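Novice: Structure in structure tokens, see below.
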Amino acid sequence: MRFMSIVTSPQPAAQPTPALLEAMHKLADREIKAGRMVDTGGLMPLATGAQVRVADGNLSVVDGPFVEAKEVIGGYAIFELRSKEEAVALAVEFMQLHKDHMPGWVGTCEVRAFAGFAGQFPE
């Protein structure tokens with residue numbers, strides 16, 4: 001099964017400490033070598049992005065930063081794993097790195113399974 005882990009934080013984007021970067025790279029290298037990590041990446045600050053919206057039948061484009069953003073997606077990882085439990089265990093390990101190397105940081109790692117490639121969605 002394919003899973004995406006999405007890291008969000010209500011805080012302004014903070015540069016990871018060198019120790020956290022090193023720990024994240026070690027974890028990513030391990031998972032890539034094991035053939036479990038498909039892709040990963042951090043995202044640039046909101047000011048560099050844009051939102052394309054549809055509301056009330058109108059389409060609009062808004063350049064960042066976005067005033068109404070309550071949480072910001074900081075990065076993601078995509079894994080090929082056997083189970084949700086395995087995905088959650090990796091998310092716990094990843095967030096423990098943040099707890100250990102960036103005291104005071106607040107964030108969430110959401111784990112989501114991909115829908116079937118043939119357009120099949122769970123009911």
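We label chains A, B, ... in the order they appear in the structure tokens, count residues from 1 in each chain, and number ligands from 1 in the order shown.
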Do you know which residues are at most 12 Å from A:Pro10 counting only C-alpha atoms, after dropping those on the same chain fewer than 5 positions away, and could you put them as number ranges by chain?

Specialist: A: 68-74, 105-108

Novice: Near stretch 15-25 of chain A, counting only C-alpha atoms, which residues have an atom at most 9 Å away, once you skip same-chain residues fewer than 5 positions from it, shown as a list in words?

Specialist: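 What passes the distance filter is Arg30, Phe94, Leu97, His98, Asp100, His101 and Met102 of chain A.
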
Novice: Go ahead and save the picked residues with C-alpha atoms, as an mmCIF file, in the first residue's frame.

Specialist:
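Generated output (selection-v2.cif):
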data_model
loop_
_atom_site.group_PDB
_atom_site.id
_atom_site.type_symbol
_atom_site.label_atom_id
_atom_site.label_comp_id
_atom_site.auth_asym_id
_atom_site.auth_seq_id
_atom_site.Cartn_x
_atom_site.Cartn_y
_atom_site.Cartn_z
ATOM 1 C CA ARG A 30 17.606 4.060 5.519
ATOM 2 C CA PHE A 94 10.001 11.028 12.318
ATOM 3 C CA LEU A 97 13.315 13.395 15.704
ATOM 4 C CA HIS A 98 11.616 16.807 15.841
ATOM 5 C CA ASP A 100 14.558 15.469 20.211
ATOM 6 C CA HIS A 101 16.262 18.049 17.969
ATOM 7 C CA MET A 102 13.877 21.054 17.992
#

Novice: Mind the document's chain letters and residue numbers, and return as an mmCIF file with N, CA, C and O atoms, in the first residue's frame the residues of chain A that DSSP labels alpha helix (DSSP H).

Specialist:
data_model
loop_
_atom_site.group_PDB
_atom_site.id
_atom_site.type_symbol
_atom_site.label_atom_id
_atom_site.label_comp_id
_atom_site.auth_asym_id
_atom_site.auth_seq_id
_atom_site.Cartn_x
_atom_site.Cartn_y
_atom_site.Cartn_z
ATOM 1 N N PRO A 18 20.658 21.888 12.368
ATOM 2 C CA PRO A 18 21.572 20.963 11.687
ATOM 3 C C PRO A 18 21.430 19.526 12.201
ATOM 4 O O PRO A 18 21.485 18.574 11.416
ATOM 5 N N ALA A 19 21.218 19.372 13.508
ATOM 6 C CA ALA A 19 21.067 18.023 14.071
ATOM 7 C C ALA A 19 19.804 17.350 13.545
ATOM 8 O O ALA A 19 19.809 16.155 13.233
ATOM 9 N N LEU A 20 18.716 18.110 13.427
ATOM 10 C CA LEU A 20 17.481 17.539 12.884
ATOM 11 C C LEU A 20 17.655 17.180 11.418
ATOM 12 O O LEU A 20 17.226 16.105 10.979
ATOM 13 N N LEU A 21 18.282 18.049 10.647
ATOM 14 C CA LEU A 21 18.524 17.744 9.225
ATOM 15 C C LEU A 21 19.325 16.456 9.067
ATOM 16 O O LEU A 21 18.996 15.607 8.235
ATOM 17 N N GLU A 22 20.365 16.309 9.865
ATOM 18 C CA GLU A 22 21.193 15.101 9.808
ATOM 19 C C GLU A 22 20.374 13.864 10.160
ATOM 20 O O GLU A 22 20.441 12.836 9.475
ATOM 21 N N ALA A 23 19.577 13.953 11.219
ATOM 22 C CA ALA A 23 18.755 12.814 11.640
ATOM 23 C C ALA A 23 17.711 12.467 10.579
ATOM 24 O O ALA A 23 17.467 11.287 10.301
ATOM 25 N N MET A 24 17.088 13.491 9.968
ATOM 26 C CA MET A 24 16.094 13.229 8.913
ATOM 27 C C MET A 24 16.747 12.586 7.697
ATOM 28 O O MET A 24 16.180 11.673 7.087
ATOM 29 N N HIS A 25 17.949 13.034 7.338
ATOM 30 C CA HIS A 25 18.654 12.444 6.198
ATOM 31 C C HIS A 25 19.012 10.980 6.461
ATOM 32 O O HIS A 25 18.911 10.136 5.563
ATOM 33 N N LYS A 26 19.425 10.671 7.682
ATOM 34 C CA LYS A 26 19.736 9.274 8.032
ATOM 35 C C LYS A 26 18.497 8.397 7.914
ATOM 36 O O LYS A 26 18.558 7.283 7.379
ATOM 37 N N LEU A 27 17.361 8.896 8.417
ATOM 38 C CA LEU A 27 16.110 8.149 8.326
ATOM 39 C C LEU A 27 15.707 7.961 6.860
ATOM 40 O O LEU A 27 15.355 6.855 6.440
ATOM 41 N N ALA A 28 15.780 9.024 6.078
ATOM 42 C CA ALA A 28 15.418 8.936 4.656
ATOM 43 C C ALA A 28 16.339 7.973 3.924
ATOM 44 O O ALA A 28 15.866 7.135 3.128
ATOM 45 N N ASP A 29 17.638 8.053 4.164
ATOM 46 C CA ASP A 29 18.594 7.132 3.511
ATOM 47 C C ASP A 29 18.258 5.683 3.843
ATOM 48 O O ASP A 29 18.280 4.816 2.963
ATOM 49 N N ARG A 30 17.962 5.416 5.105
ATOM 50 C CA ARG A 30 17.606 4.060 5.519
ATOM 51 C C ARG A 30 16.367 3.566 4.774
ATOM 52 O O ARG A 30 16.336 2.444 4.268
ATOM 53 N N GLU A 31 15.335 4.412 4.700
ATOM 54 C CA GLU A 31 14.084 4.013 4.069
ATOM 55 C C GLU A 31 14.209 3.889 2.550
ATOM 56 O O GLU A 31 13.588 3.028 1.935
ATOM 57 N N ILE A 32 15.027 4.722 1.932
ATOM 58 C CA ILE A 32 15.279 4.615 0.485
ATOM 59 C C ILE A 32 16.016 3.317 0.188
ATOM 60 O O ILE A 32 15.647 2.574 -0.726
ATOM 61 N N LYS A 33 17.057 3.015 0.968
ATOM 62 C CA LYS A 33 17.822 1.774 0.766
ATOM 63 C C LYS A 33 16.959 0.535 0.983
ATOM 64 O O LYS A 33 17.159 -0.486 0.333
ATOM 65 N N LYS A 84 -1.072 0.271 7.516
ATOM 66 C CA LYS A 84 -1.210 1.576 8.158
ATOM 67 C C LYS A 84 -0.351 1.623 9.419
ATOM 68 O O LYS A 84 0.259 2.657 9.721
ATOM 69 N N GLU A 85 -0.284 0.523 10.147
ATOM 70 C CA GLU A 85 0.517 0.478 11.377
ATOM 71 C C GLU A 85 1.985 0.780 11.087
ATOM 72 O O GLU A 85 2.647 1.486 11.860
ATOM 73 N N GLU A 86 2.484 0.243 9.992
ATOM 74 C CA GLU A 86 3.868 0.509 9.596
ATOM 75 C C GLU A 86 4.053 1.992 9.265
ATOM 76 O O GLU A 86 5.062 2.600 9.640
ATOM 77 N N ALA A 87 3.068 2.587 8.587
ATOM 78 C CA ALA A 87 3.131 4.006 8.238
ATOM 79 C C ALA A 87 3.101 4.875 9.497
ATOM 80 O O ALA A 87 3.850 5.855 9.605
ATOM 81 N N VAL A 88 2.251 4.518 10.436
ATOM 82 C CA VAL A 88 2.158 5.280 11.681
ATOM 83 C C VAL A 88 3.459 5.153 12.476
ATOM 84 O O VAL A 88 3.952 6.135 13.046
ATOM 85 N N ALA A 89 4.055 3.973 12.506
ATOM 86 C CA ALA A 89 5.324 3.782 13.224
ATOM 87 C C ALA A 89 6.415 4.676 12.642
ATOM 88 O O ALA A 89 7.204 5.271 13.394
ATOM 89 N N LEU A 90 6.464 4.811 11.318
ATOM 90 C CA LEU A 90 7.456 5.697 10.694
ATOM 91 C C LEU A 90 7.163 7.156 11.035
ATOM 92 O O LEU A 90 8.088 7.935 11.278
ATOM 93 N N ALA A 91 5.895 7.534 11.055
ATOM 94 C CA ALA A 91 5.531 8.906 11.413
ATOM 95 C C ALA A 91 5.933 9.219 12.855
ATOM 96 O O ALA A 91 6.438 10.306 13.148
ATOM 97 N N VAL A 92 5.718 8.269 13.756
ATOM 98 C CA VAL A 92 6.117 8.448 15.159
ATOM 99 C C VAL A 92 7.633 8.630 15.244
ATOM 100 O O VAL A 92 8.125 9.534 15.933
ATOM 101 N N GLU A 93 8.373 7.812 14.533
ATOM 102 C CA GLU A 93 9.839 7.923 14.540
ATOM 103 C C GLU A 93 10.276 9.287 14.007
ATOM 104 O O GLU A 93 11.163 9.942 14.571
ATOM 105 N N PHE A 94 9.662 9.741 12.919
ATOM 106 C CA PHE A 94 10.001 11.028 12.318
ATOM 107 C C PHE A 94 9.693 12.185 13.265
ATOM 108 O O PHE A 94 10.508 13.095 13.435
ATOM 109 N N MET A 95 8.526 12.139 13.895
ATOM 110 C CA MET A 95 8.160 13.226 14.809
ATOM 111 C C MET A 95 9.013 13.206 16.079
ATOM 112 O O MET A 95 9.273 14.260 16.668
ATOM 113 N N GLN A 96 9.468 12.026 16.490
ATOM 114 C CA GLN A 96 10.373 11.935 17.636
ATOM 115 C C GLN A 96 11.672 12.686 17.343
ATOM 116 O O GLN A 96 12.241 13.319 18.238
ATOM 117 N N LEU A 97 12.119 12.636 16.085
ATOM 118 C CA LEU A 97 13.315 13.395 15.704
ATOM 119 C C LEU A 97 13.102 14.888 15.946
ATOM 120 O O LEU A 97 13.992 15.585 16.429
ATOM 121 N N HIS A 98 11.917 15.389 15.605
ATOM 122 C CA HIS A 98 11.616 16.807 15.841
ATOM 123 C C HIS A 98 11.608 17.116 17.342
ATOM 124 O O HIS A 98 12.144 18.138 17.772
ATOM 125 N N LYS A 99 10.991 16.237 18.108
ATOM 126 C CA LYS A 99 10.928 16.433 19.568
ATOM 127 C C LYS A 99 12.337 16.463 20.165
ATOM 128 O O LYS A 99 12.639 17.295 21.016
ATOM 129 N N ASP A 100 13.196 15.571 19.680
ATOM 130 C CA ASP A 100 14.558 15.469 20.211
ATOM 131 C C ASP A 100 15.458 16.626 19.781
ATOM 132 O O ASP A 100 16.307 17.067 20.551
ATOM 133 N N HIS A 101 15.299 17.099 18.531
ATOM 134 C CA HIS A 101 16.262 18.049 17.969
ATOM 135 C C HIS A 101 15.740 19.475 17.827
ATOM 136 O O HIS A 101 16.515 20.372 17.481
#

Novice: Do you have the atom CA of A:Ser5-atom CA of A:Val111 distance handy?

Specialist: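 So the answer is 4.5 Å.
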
Novice: Just checking: using only C-alpha atoms, which residue out of A:Tyr76, A:Phe3, A:Phe114, A:Phe66 ends up closest to A:Gly42?

Specialist: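 Comparing A:Tyr76, A:Phe3, A:Phe114, A:Phe66 against A:Gly42, the winner is A:Tyr76.
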
Novice: Identify, with DSSP run on backbone atoms, the residues in chain A assigned to strand (DSSP E), and express the list as JSON, numbers by chain.

Specialist: {"A": [2, 3, 4, 5, 6, 7, 8, 9, 37, 38, 39, 40, 41, 42, 50, 51, 52, 53, 54, 55, 58, 59, 60, 61, 62, 63, 72, 73, 74, 75, 76, 77, 78, 79, 80, 108, 109, 110, 111, 112, 113]}

Novice: Residues as selected, C-alpha atoms, written as an mmCIF file, in the first residue's frame, can you do that?

Specialist:
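Output (again-v9.cif):
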data_model
loop_
_atom_site.group_PDB
_atom_site.id
_atom_site.type_symbol
_atom_site.label_atom_id
_atom_site.label_comp_id
_atom_site.auth_asym_id
_atom_site.auth_seq_id
_atom_site.Cartn_x
_atom_site.Cartn_y
_atom_site.Cartn_z
ATOM 1 C CA ARG A 2 1.142 3.514 -0.695
ATOM 2 C CA PHE A 3 0.989 6.111 2.084
ATOM 3 C CA MET A 4 1.705 9.837 2.266
ATOM 4 C CA SER A 5 2.898 11.488 5.458
ATOM 5 C CA ILE A 6 2.176 15.225 5.546
ATOM 6 C CA VAL A 7 3.846 17.417 8.185
ATOM 7 C CA THR A 8 1.996 20.560 9.286
ATOM 8 C CA SER A 9 2.710 23.222 11.872
ATOM 9 C CA MET A 37 10.476 5.539 0.612
ATOM 10 C CA VAL A 38 9.223 6.567 -2.818
ATOM 11 C CA ASP A 39 9.620 10.360 -2.538
ATOM 12 C CA THR A 40 10.088 13.109 0.038
ATOM 13 C CA GLY A 41 10.483 16.851 0.134
ATOM 14 C CA GLY A 42 10.236 20.002 2.159
ATOM 15 C CA ALA A 50 -0.084 30.624 -4.908
ATOM 16 C CA GLN A 51 -3.588 29.267 -4.367
ATOM 17 C CA VAL A 52 -6.022 28.639 -7.208
ATOM 18 C CA ARG A 53 -9.566 28.693 -5.823
ATOM 19 C CA VAL A 54 -13.078 27.997 -7.009
ATOM 20 C CA ALA A 55 -15.805 29.617 -4.905
ATOM 21 C CA ASN A 58 -15.634 32.030 -9.686
ATOM 22 C CA LEU A 59 -12.030 31.006 -10.215
ATOM 23 C CA SER A 60 -9.282 33.139 -8.680
ATOM 24 C CA VAL A 61 -5.531 33.016 -8.135
ATOM 25 C CA VAL A 62 -4.071 34.387 -4.895
ATOM 26 C CA ASP A 63 -0.324 34.786 -4.421
ATOM 27 C CA VAL A 72 1.262 25.274 7.035
ATOM 28 C CA ILE A 73 2.373 22.127 5.226
ATOM 29 C CA GLY A 74 6.118 21.938 5.699
ATOM 30 C CA GLY A 75 6.871 18.722 3.836
ATOM 31 C CA TYR A 76 5.769 15.281 2.798
ATOM 32 C CA ALA A 77 7.009 11.742 2.278
ATOM 33 C CA ILE A 78 5.551 8.926 0.200
ATOM 34 C CA PHE A 79 6.101 5.318 1.255
ATOM 35 C CA GLU A 80 5.304 1.870 -0.109
ATOM 36 C CA THR A 108 1.475 17.182 13.223
ATOM 37 C CA CYS A 109 2.293 14.355 10.855
ATOM 38 C CA GLU A 110 -0.847 13.173 9.081
ATOM 39 C CA VAL A 111 -0.702 9.675 7.559
ATOM 40 C CA ARG A 112 -2.991 8.988 4.594
ATOM 41 C CA ALA A 113 -3.328 5.986 2.292
#

Novice: Just the number, please: distance in Å from atom CA of A:Ala14 to atom CA of A:Leu43, one decimal.

Specialist: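 Interatomic distance, atom CA of A:Ala14 to atom CA of A:Leu43: 11.6 Å.
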